[in-house]
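Participant: Please find one structure pasted underneath; my questions will follow.
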Amino acid sequence: MTARAESGPVGGGGLGRVVIWGLLLFFAFVFLLPLFVMVVTSLKTLDEVHAGNMLALPQHVTIAPWLGAWGRACVGLSCTGIKGYFGNSILMVVPAVAISTLLGALNGYVLTKWRFPGHKIVFALMLFGCFIPFQSVLIPMARVLGILGIGNSILGLIVTHVVYGIGFTTLFFRNYYEAFPTELIRAAQIDGAGFWQIFRRILLPASGPIAIVTVIFQFTNIWNDFLFGASFTSGANVPMTVALNNLVNTSTGVREYNVDMAAAMIAALPTLFVYVVAGRYFVRGLMAGAVKG
Amino acid sequence: MSFTTATPIAPEAIPRLRRGRVQVADLLPRLVLAPSFAIVLVFVYGFIGWTIVLSFTRSRMMPLYQFTGFDSYVRLWSQPNWYMALHNIAVFGVLYIAFCTALGLLLAILLDQRIRAEGVLRTIYLYPMAISFIVTGTAWKWFLNPGLGLERTMHAWGWTGFHFDWLISTRMAIYTVVIAGVWQAAGFCMAMFLAGLRGIDGEILKAAQIDGASTVATYRRIVIPMLRPVFLSVVIVLAHMAIKSYDLVIALTGGGPGNATELPSTFMYSYTFSRDQMAVGAASAVIMLMTIAAVIVPYLYSELRERPR
Amino acid sequence: MAFLEISALSKRFGRTEVLKGIDLELEKGGFLVLVGPSGCGKSTLLNAIAGLEAVSAGEIRIDGQVVNGLHPSKRDIAMVFQSYALYPSMTVAQNIAFGLEMRGVPRREREAAVQRVAALLQIGHLLDRRPSQLSGGQRQRVAMGRALVRDPRVFLFDEPLSNLDAKLRVDMRTEIKKLHAATAKTVVYVTHDQIEAMTLASKLAVLRDGALQQVGTPAEVYNRPANLFVADFMGSPAMNLLPARVAGRNGSAVLEVERDNEPPIGLRMPPAASGAALAPGQPVILGIRPEAITDPAGADRGSAAIDLVEALVEVVEPAGSDTYVVTRAAGKEVIARMRADADVRPGTRMPFAFDLSKAVLFDPETTRRLF
């Protein structure tokens, strides 16, 4: 079978190309518009926001909204900006991503290279866990976290995200290791390598691409999570997303739209940055999470 | 590196000379997997069971293990909010899936026409997937702000008759959720379709050319029918995302105005945590779970079964 | 005027010239095979004839009509692909009729045409199946049916048998030859398998790196290869190519072939070369096929140019119908083909009969055939 060196059926002359490009640019415009509006609004003074057109560029560019969002904005009752919550998110994300990725790698390793009877069922059960609506485990989780004493804490969120991330990370690594030649493992065994050595010396070094995909996927999902954050934490312990929502939806006082937008940008920047830098891996993660194999 | 012979050697067949304890070495892989598996069993299936149990109790603010049979379900189905939620999820779900799929397919087909700026355009269409639904909701809330957002811009450009108050209209608010949702997920659909298009054998397209099929006919009669598996995956994933969507609604409309954009997910949350109706909340969660299971389980089963070994 | 004419055809991909000034002609009803190693440009040339690839320079004429600028569907050609390229979501009947449908042929006629072709290829019982339900051979037939039903001027085949297993390949090869005889269509066929090329072609074109090496009948290309490349490429096992030197012995010209630890072999000049101007001491390359080196009893009795040479047998490879014997000369392996029941043992010396009437000489510098 020949791979496709060129895309698309040949044909469609000049007019066709114009239409195609026109549509593509139109949609690019539509897709970029909200981002543009967010950025532009976040750089305006509040007077300008009220006075003008949301699409207009700022007359006087000001980063005051950003500074305000970071250090001064009122989330709930405290008015110390979102920097604390940003920190919460980081404290939550880093361990959760690390642990869930590592566990996923180990699980994938066992499921593909150390097959045992029933491995398919085990995998299926773990896989289904990815798809459940989290509402169906919210209540028990809240109770258990409370019982364990980590009810309203970052640690509780870390535990939550690890637990519900294992399904995805295992899926990624399992599919990746499945394609890894088993002969290399057998050769290593004959050479006398044991379980951990094979993992450390043979599989792990070859796991770069999938590790990146998994880390990016987990980072994006955990950073962007809202439901768990809103359900299991409150007050000063909430992650960035919850803080943002609270900030934007406070009904008291004057709505500082520019600060709201700045806060939203700050919340979006980490994942956007990762996406722009490593987009290829991001896409692979998306697709692997959706389609098997 | 030299390879061993083709016949695979089962791990059990290799004598463990390094340790004298054959048993442990055989069990080690399973021991490593066990904690994760146990976690999944408890935190996923155990908790689901727990939620199901709760839905049969009289729990209000705290769990109360007094069983009342299907009472909570009866109460659930007598809430006008619940019907609103169901109506909304149907409207939202269908429109979301339809528009995402259509737009994703269109963008993929356009990008497949040997576009030089493909990489850049792809990045633009996909970036919304990288940001939180809260950010999306916030941005669109501002964008569609009646008075300061789109409406104002249109007026500034001369269309003074333009009216866009969907965000605060009880009838139209759900459609704003559709708009924001499609904006977020169309890029993902595009990526899936593009991968599918790229997987099509070039010789088939050549044959179509020689047969005299126009570009439109080629896509309609040949390419799109070949994308059936991709359609299936896309619809499944979108359906799953639609049922779970909570963040987007909360940020965009907060479930309102009133309960105009109530969805099962927001219903569950508010009934459990705000209205102290835990049993009813649990019941709604169970219904959500059953719906997703009805979609996902057959899909997973067919995918896992066909795996080439 | 030939039916298919290709004049000075060139194609460039960026800076690389993929086709370098090809000139080819094919008479109506001929079977032209384009053969060569991977990357030689044969598929590109075929695609250019089909109109699937644009050309940078040159002309392609079919039946006198210049087709360079025409869309593939307007050239009245049909193509059979290596991977069959059947439309997976359509039935066999729909696949075959698709081209007709796109041309607006009415349904009644389409169905009749499909039935005709199905009868010819014996796939009538498969018409309602999908390609995924067919075997490789059946798919190939459907692909041919799709091409036949259009009744085009020229048939193009792009390595159609490469994906089949060996036995099926031989069967299909015979079928293609029979079909060609029955329908008398003009065919351009691409393959990398030189046996396929030899058996199917009425005209053979050998390509290398985008340039034509030789065009001729299979017999011509096989027996009188134009250069070293063609000599080596065609024939299996390959032609023995031995560096030699023209020498004078007893007043007549001889070819001297060096050997390690032994006096050189002296072979008479090939009869075809007599009367040619060859300087003494001139280096040449002697090309002689394994079947022209035999055991003395198996040599061609009709030939007047047999030379017996005693040589050491290194390897003996019994292949059932013949035995291949390997010896050494001029620092290379020389393969001889002997009768299956010849008495040969490795490590012994025995006479090898060289039939010089079947030999050719090449110039080592230009690699072209001298005679």
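Here, A, B, ... name the chains of the structure tokens in the order displayed, residue numbers run from 1 inside each chain, and ligands are numbered from 1 in the same displayed order.
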Please produce, as JSON lines, a per-residue contact table for chain B versus chain A (criterion: any atom at most 7 Å away, only C-alpha atoms considered), showing the nearest atom pair and its distance in Å to one decimal, sorted by chain then residue number.
Facilitator:
```
{"residue": "B:Phe3", "atom": "CA", "partner": "A:Glu183", "partner_atom": "CA", "distance": 6.5}
{"residue": "B:Thr4", "atom": "CA", "partner": "A:Ala187", "partner_atom": "CA", "distance": 6.2}
{"residue": "B:Ile9", "atom": "CA", "partner": "A:Arg186", "partner_atom": "CA", "distance": 6.8}
{"residue": "B:Pro29", "atom": "CA", "partner": "A:Val110", "partner_atom": "CA", "distance": 5.7}
{"residue": "B:Leu33", "atom": "CA", "partner": "A:Asn107", "partner_atom": "CA", "distance": 5.4}
{"residue": "B:Ile39", "atom": "CA", "partner": "A:Val163", "partner_atom": "CA", "distance": 6.7}
{"residue": "B:Val40", "atom": "CA", "partner": "A:Met126", "partner_atom": "CA", "distance": 6.3}
{"residue": "B:Val44", "atom": "CA", "partner": "A:Gly129", "partner_atom": "CA", "distance": 6.2}
{"residue": "B:Phe47", "atom": "CA", "partner": "A:Val137", "partner_atom": "CA", "distance": 5.3}
{"residue": "B:Ile48", "atom": "CA", "partner": "A:Val137", "partner_atom": "CA", "distance": 5.7}
{"residue": "B:Trp50", "atom": "CA", "partner": "A:Pro140", "partner_atom": "CA", "distance": 6.6}
{"residue": "B:Thr51", "atom": "CA", "partner": "A:Ser136", "partner_atom": "CA", "distance": 6.3}
{"residue": "B:Leu110", "atom": "CA", "partner": "A:Ile20", "partner_atom": "CA", "distance": 6.1}
{"residue": "B:Asp112", "atom": "CA", "partner": "A:Ser7", "partner_atom": "CA", "distance": 5.4}
{"residue": "B:Gln113", "atom": "CA", "partner": "A:Gly8", "partner_atom": "CA", "distance": 4.8}
{"residue": "B:Arg114", "atom": "CA", "partner": "A:Ser7", "partner_atom": "CA", "distance": 5.4}
{"residue": "B:Leu121", "atom": "CA", "partner": "A:Ala28", "partner_atom": "CA", "distance": 6.8}
{"residue": "B:Ile124", "atom": "CA", "partner": "A:Ala28", "partner_atom": "CA", "distance": 6.3}
{"residue": "B:Tyr125", "atom": "CA", "partner": "A:Phe31", "partner_atom": "CA", "distance": 6.3}
{"residue": "B:Ala130", "atom": "CA", "partner": "A:Thr271", "partner_atom": "CA", "distance": 5.9}
{"residue": "B:Ile131", "atom": "CA", "partner": "A:Ala268", "partner_atom": "CA", "distance": 5.5}
{"residue": "B:Ser132", "atom": "CA", "partner": "A:Asn224", "partner_atom": "CA", "distance": 4.4}
{"residue": "B:Ile134", "atom": "CA", "partner": "A:Thr241", "partner_atom": "CA", "distance": 6.5}
{"residue": "B:Val135", "atom": "CA", "partner": "A:Ala264", "partner_atom": "CA", "distance": 5.5}
{"residue": "B:Ala139", "atom": "CA", "partner": "A:Pro34", "partner_atom": "CA", "distance": 6.1}
{"residue": "B:Trp140", "atom": "CA", "partner": "A:Pro34", "partner_atom": "CA", "distance": 6.7}
{"residue": "B:Phe143", "atom": "CA", "partner": "A:Pro34", "partner_atom": "CA", "distance": 6.6}
{"residue": "B:Leu148", "atom": "CA", "partner": "A:Met54", "partner_atom": "CA", "distance": 6.9}
{"residue": "B:Gly149", "atom": "CA", "partner": "A:Met54", "partner_atom": "CA", "distance": 6.0}
{"residue": "B:Arg152", "atom": "CA", "partner": "A:Asn53", "partner_atom": "CA", "distance": 6.4}
{"residue": "B:Thr153", "atom": "CA", "partner": "A:Asn53", "partner_atom": "CA", "distance": 5.2}
{"residue": "B:Ala156", "atom": "CA", "partner": "A:Asn53", "partner_atom": "CA", "distance": 6.9}
{"residue": "B:Trp183", "atom": "CA", "partner": "A:Phe31", "partner_atom": "CA", "distance": 6.8}
{"residue": "B:Met192", "atom": "CA", "partner": "A:Met287", "partner_atom": "CA", "distance": 6.8}
{"residue": "B:Arg198", "atom": "CA", "partner": "A:Arg4", "partner_atom": "CA", "distance": 6.7}
{"residue": "B:Asp201", "atom": "CA", "partner": "A:Thr2", "partner_atom": "CA", "distance": 6.1}
{"residue": "B:Gly202", "atom": "CA", "partner": "A:Arg4", "partner_atom": "CA", "distance": 5.0}
{"residue": "B:Glu203", "atom": "CA", "partner": "A:Thr2", "partner_atom": "CA", "distance": 6.9}
{"residue": "B:Leu205", "atom": "CA", "partner": "A:Pro9", "partner_atom": "CA", "distance": 6.2}
{"residue": "B:Thr215", "atom": "CA", "partner": "A:Pro9", "partner_atom": "CA", "distance": 6.4}
{"residue": "B:Ser233", "atom": "CA", "partner": "A:Val291", "partner_atom": "CA", "distance": 6.4}
{"residue": "B:Val237", "atom": "CA", "partner": "A:Ala290", "partner_atom": "CA", "distance": 6.3}
{"residue": "B:Lys244", "atom": "CA", "partner": "A:Pro133", "partner_atom": "CA", "distance": 5.6}
{"residue": "B:Asp247", "atom": "CA", "partner": "A:Phe226", "partner_atom": "CA", "distance": 6.1}
{"residue": "B:Ala251", "atom": "CA", "partner": "A:Asn245", "partner_atom": "CA", "distance": 6.3}
{"residue": "B:Ser265", "atom": "CA", "partner": "A:Gln135", "partner_atom": "CA", "distance": 6.9}
{"residue": "B:Ala285", "atom": "CA", "partner": "A:Ser136", "partner_atom": "CA", "distance": 4.8}
{"residue": "B:Val286", "atom": "CA", "partner": "A:Ser136", "partner_atom": "CA", "distance": 6.2}
{"residue": "B:Met288", "atom": "CA", "partner": "A:Pro133", "partner_atom": "CA", "distance": 7.0}
{"residue": "B:Leu289", "atom": "CA", "partner": "A:Pro133", "partner_atom": "CA", "distance": 6.1}
```
Participant: What would the file look like if the residues just selected were written as a compact mmCIF listing (two decimals), in the first residue's frame with C-alpha atoms?
Facilitator:
```txt
# COMPACT_ATOMS: atom_id res chain seq x y z
CA PHE B 3 17.45 -11.44 18.41
CA THR B 4 16.54 -14.75 19.86
CA ILE B 9 9.60 -18.11 25.91
CA PRO B 29 4.63 -8.33 38.18
CA LEU B 33 0.11 -4.00 39.15
CA ILE B 39 -7.15 1.57 43.57
CA VAL B 40 -9.26 1.38 40.46
CA VAL B 44 -14.01 3.58 40.64
CA PHE B 47 -17.41 4.23 44.79
CA ILE B 48 -19.88 3.72 42.00
CA TRP B 50 -21.47 3.35 47.05
CA THR B 51 -23.18 6.04 45.03
CA LEU B 110 -9.83 21.75 3.64
CA ASP B 112 -6.00 17.99 3.35
CA GLN B 113 -5.73 19.97 0.11
CA ARG B 114 -1.98 20.43 0.31
CA LEU B 121 -3.62 26.43 10.92
CA ILE B 124 -4.90 27.53 15.64
CA TYR B 125 -7.84 25.17 15.37
CA ALA B 130 -5.50 23.00 25.60
CA ILE B 131 -7.25 25.53 27.79
CA SER B 132 -9.58 24.89 30.66
CA ILE B 134 -13.46 27.61 32.75
CA VAL B 135 -11.25 29.86 30.70
CA ALA B 139 -13.86 34.21 27.44
CA TRP B 140 -17.14 33.47 25.70
CA PHE B 143 -17.48 37.80 24.12
CA LEU B 148 -20.40 45.15 26.01
CA GLY B 149 -19.55 42.20 23.82
CA ARG B 152 -21.75 46.36 21.03
CA THR B 153 -19.15 45.60 18.39
CA ALA B 156 -20.07 50.07 16.43
CA TRP B 183 -15.41 26.23 19.45
CA MET B 192 -9.15 12.85 14.15
CA ARG B 198 -4.16 10.74 5.71
CA ASP B 201 -4.42 4.77 0.31
CA GLY B 202 -3.25 7.20 -2.35
CA GLU B 203 -3.86 4.66 -5.09
CA LEU B 205 -7.60 8.46 -5.10
CA THR B 215 -13.31 16.24 -6.23
CA SER B 233 -14.84 7.29 17.49
CA VAL B 237 -15.85 10.79 22.46
CA LYS B 244 -19.68 15.09 31.46
CA ASP B 247 -17.02 23.29 33.81
CA ALA B 251 -18.29 29.33 33.75
CA SER B 265 -23.96 17.43 35.71
CA ALA B 285 -25.28 10.56 39.05
CA VAL B 286 -26.36 6.96 38.58
CA MET B 288 -25.56 9.78 34.10
CA LEU B 289 -23.37 6.76 34.60
```
Participant: Any chance you could tabulate, as a Markdown table, the residues of chain C at most 9 Å from chain A with each one's nearest atom pair and distance in Å to one decimal, using only C-alpha atoms, in chain and rising number order?
Facilitator:
```
| residue | atom | partner | partner_atom | distance |
| --- | --- | --- | --- | --- |
| C:Leu52 | CA | A:Val10 | CA | 8.3 |
| C:His71 | CA | A:Gly11 | CA | 9.0 |
| C:Gln82 | CA | A:Met1 | CA | 7.7 |
| C:Ser83 | CA | A:Met1 | CA | 5.6 |
| C:Ala85 | CA | A:Met1 | CA | 8.9 |
```
Participant: Write a file of the selected residues as a tab-separated table (two decimals), in the first residue's frame, keeping C-alpha atoms.
Facilitator:
```tsv
chain	number	residue	atom	x	y	z
C	52	LEU	CA	-1.46	11.51	-12.64
C	71	HIS	CA	-6.96	15.16	-17.21
C	82	GLN	CA	-0.35	-2.58	-7.24
C	83	SER	CA	-2.69	-2.49	-4.29
C	85	ALA	CA	-7.18	0.38	-5.21
```
Participant: I need the helix (DSSP H, G or I) residues of region 27-247 of chain C per DSSP on the backbone, written as an MDAnalysis selection string.
Facilitator: chainID C and resid 42:50 72:74 92:102 107:121 124:126 131:133 136:148 166:183 194:200 218:223 228:233
Participant: Write the residues of the preceding selection, restricted to C-alpha atoms, as a compact mmCIF listing (two decimals), in the first residue's frame.
Facilitator:
```txt
# COMPACT_ATOMS: atom_id res chain seq x y z
CA LYS C 42 9.29 3.42 -14.17
CA SER C 43 6.26 4.16 -12.01
CA THR C 44 6.78 7.87 -12.52
CA LEU C 45 6.80 7.32 -16.26
CA LEU C 46 3.62 5.31 -16.06
CA ASN C 47 1.94 7.96 -13.94
CA ALA C 48 3.01 10.57 -16.46
CA ILE C 49 1.40 8.60 -19.27
CA ALA C 50 -1.72 8.34 -17.15
CA PRO C 72 -6.47 11.42 -16.64
CA SER C 73 -10.13 10.72 -17.11
CA LYS C 74 -10.04 12.37 -20.52
CA VAL C 92 -17.61 -5.33 -6.80
CA ALA C 93 -20.27 -4.40 -9.34
CA GLN C 94 -20.28 -0.80 -8.17
CA ASN C 95 -16.50 -0.71 -8.26
CA ILE C 96 -16.41 -1.88 -11.83
CA ALA C 97 -19.17 0.47 -12.93
CA PHE C 98 -17.94 3.54 -11.08
CA GLY C 99 -16.01 5.01 -13.99
CA LEU C 100 -19.00 4.56 -16.27
CA GLU C 101 -21.22 6.16 -13.66
CA MET C 102 -19.00 9.19 -13.49
CA ARG C 107 -27.76 2.29 -15.62
CA ARG C 108 -28.95 -0.33 -18.13
CA GLU C 109 -25.79 -0.03 -20.17
CA ARG C 110 -23.64 -0.02 -17.08
CA GLU C 111 -25.11 -3.24 -15.82
CA ALA C 112 -24.69 -4.90 -19.19
CA ALA C 113 -21.06 -3.83 -19.35
CA VAL C 114 -20.41 -5.17 -15.87
CA GLN C 115 -21.93 -8.51 -16.77
CA ARG C 116 -19.80 -8.74 -19.90
CA VAL C 117 -16.60 -8.07 -18.08
CA ALA C 118 -17.53 -10.33 -15.18
CA ALA C 119 -18.07 -13.19 -17.60
CA LEU C 120 -14.73 -12.56 -19.26
CA LEU C 121 -12.88 -12.61 -15.95
CA GLY C 124 -19.76 -13.08 -11.93
CA HIS C 125 -20.38 -14.75 -8.59
CA LEU C 126 -18.53 -12.02 -6.73
CA PRO C 131 -13.47 -5.93 -1.60
CA SER C 132 -12.69 -6.88 1.98
CA GLN C 133 -14.43 -10.19 1.38
CA GLY C 136 -5.90 -11.27 -3.38
CA GLY C 137 -6.35 -12.95 -6.74
CA GLN C 138 -10.03 -12.08 -6.84
CA ARG C 139 -9.30 -8.46 -6.04
CA GLN C 140 -6.78 -8.34 -8.82
CA ARG C 141 -9.39 -9.61 -11.23
CA VAL C 142 -11.88 -7.01 -10.10
CA ALA C 143 -9.24 -4.35 -10.62
CA MET C 144 -8.70 -5.62 -14.13
CA GLY C 145 -12.43 -5.73 -14.67
CA ARG C 146 -12.68 -2.10 -13.71
CA ALA C 147 -10.04 -1.30 -16.30
CA LEU C 148 -11.53 -3.51 -19.02
CA ALA C 166 4.54 -16.70 -5.98
CA LYS C 167 2.22 -19.35 -7.32
CA LEU C 168 -0.69 -16.95 -7.79
CA ARG C 169 1.66 -14.57 -9.52
CA VAL C 170 2.56 -17.15 -12.13
CA ASP C 171 -1.11 -18.02 -12.70
CA MET C 172 -2.14 -14.38 -13.05
CA ARG C 173 0.75 -13.71 -15.38
CA THR C 174 -0.56 -16.34 -17.75
CA GLU C 175 -4.06 -14.90 -17.46
CA ILE C 176 -2.85 -11.44 -18.34
CA LYS C 177 -1.04 -12.80 -21.35
CA LYS C 178 -4.15 -14.66 -22.48
CA LEU C 179 -6.31 -11.59 -21.99
CA HIS C 180 -3.94 -9.52 -24.02
CA ALA C 181 -4.03 -12.03 -26.82
CA ALA C 182 -7.81 -12.12 -26.73
CA THR C 183 -8.47 -8.41 -26.54
CA GLN C 194 12.52 -9.29 -14.86
CA ILE C 195 11.06 -12.74 -15.41
CA GLU C 196 7.60 -11.20 -15.54
CA ALA C 197 9.00 -8.63 -17.95
CA MET C 198 10.47 -11.25 -20.23
CA THR C 199 7.42 -13.45 -20.36
CA LEU C 200 4.85 -10.73 -20.94
CA PRO C 218 12.87 -9.56 -24.82
CA ALA C 219 15.21 -11.70 -26.92
CA GLU C 220 17.24 -8.71 -27.96
CA VAL C 221 17.54 -7.36 -24.44
CA TYR C 222 18.42 -10.74 -23.06
CA ASN C 223 20.88 -11.93 -25.64
CA LEU C 228 26.65 -3.78 -18.29
CA PHE C 229 23.67 -2.69 -16.28
CA VAL C 230 21.16 -4.39 -18.56
CA ALA C 231 23.40 -7.45 -18.79
CA ASP C 232 23.47 -7.75 -15.04
CA PHE C 233 19.86 -6.85 -14.40
```
Participant: For Gln277 (chain B), please output as a list of chain:residue names all residues within 9 Å (counting only C-alpha atoms; exclusion window: fewer than 6 positions along the same chain).
Facilitator: B:Arg58, B:Ser59, B:Arg60, B:Met61, B:Met62, B:Ser270, B:Tyr271
Participant: Just N, CA and C atoms for this one: save the residues we selected as a CSV table (one decimal), in the first residue's frame.
Facilitator:
```csv
chain,number,residue,atom,x,y,z
B,58,ARG,N,-32.0,7.7,52.3
B,58,ARG,CA,-32.7,8.9,52.6
B,58,ARG,C,-31.7,10.1,52.8
B,59,SER,N,-30.5,9.9,52.3
B,59,SER,CA,-29.5,10.9,52.6
B,59,SER,C,-29.9,12.3,52.2
B,60,ARG,N,-29.6,13.3,53.0
B,60,ARG,CA,-29.8,14.7,52.7
B,60,ARG,C,-28.5,15.4,52.6
B,61,MET,N,-28.1,16.0,53.8
B,61,MET,CA,-26.8,16.7,53.7
B,61,MET,C,-25.7,15.7,53.9
B,62,MET,N,-25.9,14.7,54.8
B,62,MET,CA,-24.9,13.7,55.0
B,62,MET,C,-25.5,12.4,54.7
B,270,SER,N,-25.5,20.6,42.2
B,270,SER,CA,-26.3,21.5,43.1
B,270,SER,C,-27.2,20.8,44.1
B,271,TYR,N,-27.8,19.7,43.6
B,271,TYR,CA,-28.6,18.9,44.6
B,271,TYR,C,-27.8,18.3,45.7
```
Participant: Compute the chain B side of the contact with chain C at 6 Å, counting only C-alpha atoms, and hand it back as an MDAnalysis selection string.
Facilitator: chainID B and resid 203:204 210:213
Participant: For a test of reading the model, state the distance in Å between CA of Glu303 (chain B) and CA of Tyr281 (chain A), rounded to one decimal.
Facilitator: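 Computed distance, CA of Glu303 (chain B) to CA of Tyr281 (chain A), equals 23.3 Å.
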Participant: With distances taken over only C-alpha atoms, which residue among C:Pro351, C:Pro290, C:Gly14, C:Pro280 lies nearest Glu310 (chain C)?
Facilitator: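 Using only C-alpha atoms, the shortest distance to Glu310 (chain C) belongs to C:Pro351.
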Participant: For CA of Ile109 (chain B) and CA of Leu304 (chain B), determine how far apart the two atoms are, in Å to one decimal place.
Facilitator: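 Atom-to-atom, CA of Ile109 (chain B) and CA of Leu304 (chain B) are spaced 29.4 Å apart.
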Participant: Could you tell me which of B:Tyr65, B:Ala85, B:Phe56, B:Ile292 comes closest to Met241 (chain B) if we count only C-alpha atoms?
Facilitator: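 Distance minimum relative to Met241 (chain B) lands on B:Ile292.
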Participant: Using CA of Ser72 (chain B) and CA of Ile287 (chain B) as the two end points, give the distance in Å to one decimal.
Facilitator: 11.8 Å
Participant: Determine, counting only C-alpha atoms, which protein, DNA and RNA residues have an atom within 6 Å of an atom of Gly210 (chain C); residues of the same chain fewer than 3 positions away are not included. Present the result as a VMD selection string.
Facilitator: chain C and resid 18 to 20 40 to 41
